[in-house]
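Here is the structure we will look at.
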Amino acid sequence: MSAAQLIARARSYLPPDRVGYVQSALAFATEAHDGQKRSSGEPFIEHPVATALYLANINLDSTTLAAALLHDVIEDTGVTKQELEKDFGADVARLVDGVTKLKRLDLLSEDPDNKNGSAPVPLTAEAARAASLRKMLVAMASDIRVVLIKLADRLHNMKTLRHLSDDRQQRIARETLDIYAPLAQRLGMADIKWQLEDEAFKYLLPRQYKSVSRMISRKRTERERYTEDAVRALGEALNEAGIDCTISGRPKHLYSTYQKLQRYQARGRKFDEIYDLIAVRVIVDSTADCYACLGAVHQMWRPVPGEFDDYIANPKENLYQSLHTSVIGPQGYPLEVQIRTDEMHRVAEDGVAAHWTYKQGEAENEDELFDEKLTWLKQLLEWQREMSGDEEYLDSVKTDILRDQVFVYTPAGDVIDLPSSSTPLDFAYRIHTDLGHNTVGATVNGKLMPLNTQLHNGDTVEIRKARTPRGPSLDWLNSDLGYLATASARAKVRLWFRRQERDASIQRGHDLLSRELKRLGVRISASRIAEKLGFGDDTELEEALGTGQIGIGKVLESVTQNFPPVETNGVLADIPANLRRQERTGLVVMGAPNMLTRVARCCSPVYGDEIAGYITRGRGVTVHRTNCANMRSTDDHDRLVPVAWGHADSTYPARIIVNAYDRVGLLRDITHYVSAEHVNIHSMSSHEDPDTDSCTVTLTVYTNGVDQLSRLFARLETVEGILSVSRANEGETAAEAVSQ
């Protein structure tokens with residue numbers, strides 16, 4: 001495999017200036033990979049040259065050839081995307097970046113439970129491969145040439161796989177069989193699909209590979225003789241009919257033979273009976289000749305009922321066109337005949353690659369047909385937006401894109417392609433997510449059918465939607481019930497339930513926060529707390545509370561921290577100088593830090609409450625909670641001054657109301673839990689209600705803030721018989737507050 005072959009092939013169909021462009025890319029890649037060796041020992045440059053040569057053999061454009069030559073330079077030589085863009089243009093840089101596996105730094109994730117951000121940790125090898133495959137598939141959806149390069153790259157890697165360790169051989173072969181070969185089939189690239197499958201088969205099932213090879217070799221002479229007889233007889237008949245054609249035997253590939261053998265063995269048939277391994281292909285000049293040839297074949301040999309497919313009138317989604325028929329051929333054995341034009345044959349072998357010239361040329365109608373046939377690529381971009389998990393995304397691609405398809409119709413006659421085994425529910429979700437969520441019934445070909453009915457080619461499906469939104473059923477996720485075959489539909493159902501759980505978590509968090517702030521008598525908005533804790537908004541805070549990611553204690557700690565102070569309004573000048581001294585109450589009058597302060601008995605603010613000061617005559621500043629009734633009722637606003645909590649080393653009185661069922665030992669248990677929290681009890685009284693056997697206990701305690709008060713409440717609520725614990729409401733009049 002030499003660079004000279006590549007350049008010679010490029011000259012055969014590219015203009016001179018584009019050949020020069022390819023030569024520049026070859027020189028750049030050769031220099032970048034200089035000194036590098038592959039596991040086989042050959043110079044590394046042989047690999048990108050082999051990749052580009054395969055693409056040149058199917059006449060791809062110079063941009064694709066250049067990108068194929070350069071596809072490993074970012075990953076293996078340290079060349080940047082910006083350098084490629086500067087030297088070879090944005091298209092080549094984008095294609096190479098799309099093919100390049102994610103770098104080591106890209107394969108790091110952050111701990112999702114750490115709101116403050118944790119140290120990045122490496123993804124597992126499986127997750128890393130899924131992330132890289134997702135990157136390639138998304139890039140492919142934007143430019144199909146990305147996957148054409150990747151398929152050619154994978155083919156050469158498979159042909160040199162013997163030089164790697166056994167575990168790497170198994171992993172790469174499995175990925176090839178699960179992802180790349182089905183992807184080639186979906187793109188209509190039969191030639192590369194067969195090669196990838198046979199190479200993967202060799203490493204994944206070596207014993208079966210050798211067994212099938214021996215069986216085919218044993219029967220080769222007999223099959224070749226039979227095929228030669230069939231080709232000669234058919235050629236004579238078509239010549240007499242005046243149809244110019246080329247006829248050849250179509251070789252069966254090893255992996256497809258193995259799959260057919262497995263199906264036959266399941267039916268109790270032996271290898272010797274598999275005569276439909278024999279097939280001939282007829283290449284004619286025009287579509288009219290295809291049908292004329294079909295008539296001649298059916299006149300010559302009796303067709304097998306139900307074994308005719310017209311893919312010319314109804315092309316496959318991968319652009320494939322051909323006539324397929326099975327007949328009883330010479331000696332009474334079944335024979336498969338494929339009939340197509342030369343252009344159809346080129347598309348059958350190379351798929352979308354054969355149509356790439358339309359993307360570069362002037363044939364607008366062909367360009368529209370090309371895009372229409374590849375609408376499934378848009379699904380890759382939709383899933384990219386909807387699915388956060390790389391492995392979930394890859395699972396959807398495997399089941400919904402790379403499996404065999406069935407084609408069904410909407411009532412309006414639109415064709416919808418779905419994976420085989422799909423149900424009316426899968427159909428509904430493919431139409432629209434909301435339609436799927438609210439499906440209550442379905443008719444298939446005019447008959448009401450269960451939602452887990454498997455659909456077949458040609459079915460017409462109509463969905464019955466609920467009159468009011470109802471959401472999906474959990475049964476739909478039960479694989480044993482068979483409601484959903486597509487991974488994308490299952491992902492949408494799971495997402496719906498996750499969203500319901502999120503709404504419930506947010507409500508739980510909202511209720512928890514509201515209850516705690518209310519019983520503590522603290523008036524601070526959830527949005528202000530969320531801002532201080534680094535959450536985007538109060539909804540994120542409430543969700544974290546509702547799911548237990550953050551405790552209420554952590555929230556209350558933020559409440560005890562000072563919020564930005566309000567500027568003083570200048571009324572402090574009237575206060576006598578002898579009252580301007582510092583008291584160790586932890587309270588600061590804004591603008592006069594040495595002012596005498598005292599805590600109001602009417603509302604007993606504690607550290608962390610939002611507070612305001614009231615200037616009393618001759619007694620300094622009395623501090624109230626901002627929601628104190630006495631503060632709200634005063635008309636003398638000039639005497640109000642802003643105050644703030646200075647430090648938390650002081651204690652403050654707070655009155656607590658405990659409602660409980662009366663029992664022996666209740667007061668003892670209450671005092672025990674208060675003492676256990678290291679809170680001093682200043683006074684305590686109780687009032688009994690003989691009609692209800694309940695009592696109310698009022699305590700005045702000294703705490704260092706609302707966080708300690710909240711912990712005390714939580715402990716008291718565990719005491720047997722206690723119904724509720726709350727902070728006492730203000731009960732004194734405004735006159736009493738002003739006279740303090």
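Within each chain, counting starts at residue 1; across the structure tokens, chains are named A, B, ... in the order shown, with ligands numbered 1 upward in that order.
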
Residues within 12 Å of A:Thr460, only C-alpha atoms, excluding chain neighbours under 2 positions, as number ranges by chain | A: 406-416, 423-424, 427, 442-449, 455-458, 462-463

Output the selection as a PDB file, in the first residue's frame - C-alpha atoms for each residue.
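Printed below is out.pdb as written:
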```pdb
ATOM      1  CA  VAL A 406     -39.906  -1.665   9.309  1.00  0.00           C
ATOM      2  CA  PHE A 407     -41.807   0.975   7.350  1.00  0.00           C
ATOM      3  CA  VAL A 408     -45.296   1.949   8.447  1.00  0.00           C
ATOM      4  CA  TYR A 409     -47.714   4.677   7.393  1.00  0.00           C
ATOM      5  CA  THR A 410     -49.518   7.480   9.181  1.00  0.00           C
ATOM      6  CA  PRO A 411     -53.228   7.991   8.335  1.00  0.00           C
ATOM      7  CA  ALA A 412     -52.064  10.824   6.029  1.00  0.00           C
ATOM      8  CA  GLY A 413     -49.836   8.426   4.094  1.00  0.00           C
ATOM      9  CA  ASP A 414     -46.463   9.588   5.443  1.00  0.00           C
ATOM     10  CA  VAL A 415     -43.845   6.853   5.819  1.00  0.00           C
ATOM     11  CA  ILE A 416     -42.282   6.339   9.252  1.00  0.00           C
ATOM     12  CA  THR A 423     -45.098  -1.224  18.541  1.00  0.00           C
ATOM     13  CA  PRO A 424     -47.797   1.449  18.133  1.00  0.00           C
ATOM     14  CA  PHE A 427     -44.714   4.862  16.568  1.00  0.00           C
ATOM     15  CA  ALA A 442     -54.167   2.483  18.597  1.00  0.00           C
ATOM     16  CA  THR A 443     -55.651   1.119  15.410  1.00  0.00           C
ATOM     17  CA  VAL A 444     -53.492  -0.868  12.998  1.00  0.00           C
ATOM     18  CA  ASN A 445     -54.901  -1.208   9.466  1.00  0.00           C
ATOM     19  CA  GLY A 446     -58.270  -0.009  10.768  1.00  0.00           C
ATOM     20  CA  LYS A 447     -58.499  -2.499  13.658  1.00  0.00           C
ATOM     21  CA  LEU A 448     -58.171  -1.636  17.331  1.00  0.00           C
ATOM     22  CA  MET A 449     -55.040  -3.418  18.535  1.00  0.00           C
ATOM     23  CA  LEU A 455     -45.761  -3.638  13.595  1.00  0.00           C
ATOM     24  CA  HIS A 456     -44.921  -4.942  10.131  1.00  0.00           C
ATOM     25  CA  ASN A 457     -43.966  -3.354   6.825  1.00  0.00           C
ATOM     26  CA  GLY A 458     -46.886  -1.543   5.224  1.00  0.00           C
ATOM     27  CA  GLU A 462     -53.456   5.651  13.979  1.00  0.00           C
ATOM     28  CA  ILE A 463     -52.973   6.714  17.607  1.00  0.00           C
TER      29      ILE A 463
END
```

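For the residues A:Ala544, A:Val493, A:Ile247, A:Ile657, ranking by smallest atom-to-atom distance to A:Ser505 using only C-alpha atoms places A:Ala544 first.
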
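Going from atom CA of A:Gln169 to atom CA of A:Glu199 covers 10.6 Å.
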
Find the residues near A:Arg523: any atom within 9 Å, counting only C-alpha atoms, skip ones fewer than 4 places away on the same chain, and give them as a PyMOL selection string.
-> chain A and resi 517-518+609-610+626-627

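Interatomic distance, atom CA of A:Val697 to atom CA of A:Tyr673: 14.1 Å.
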
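Closest approach to A:Ile552 among A:Leu70, A:Met300, A:Ala714, A:Leu495 is made by A:Ala714 (distances from only C-alpha atoms).
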
Using only C-alpha atoms, which residues sit within 6 Å of stretch 21-36 of chain A once same-chain residues fewer than 4 positions away are excluded, as a list in words?
-> Phe44, Ile45, Ala66 and Leu70 of chain A

Do you know which residues are at most 6 Å from stretch 234-246 of chain A counting only C-alpha atoms, after dropping those on the same chain fewer than 2 positions away, and could you put them as an MDAnalysis selection string?
-> chainID A and resid 231:232 282:284

Skip stretch 327-334 of chain A itself and residues of its chain fewer than 3 positions away, then list as number ranges by chain all residues within 12 Å of it, counting only C-alpha atoms.
-> A: 223, 225-234, 272-280, 294, 296-308, 324, 337-338
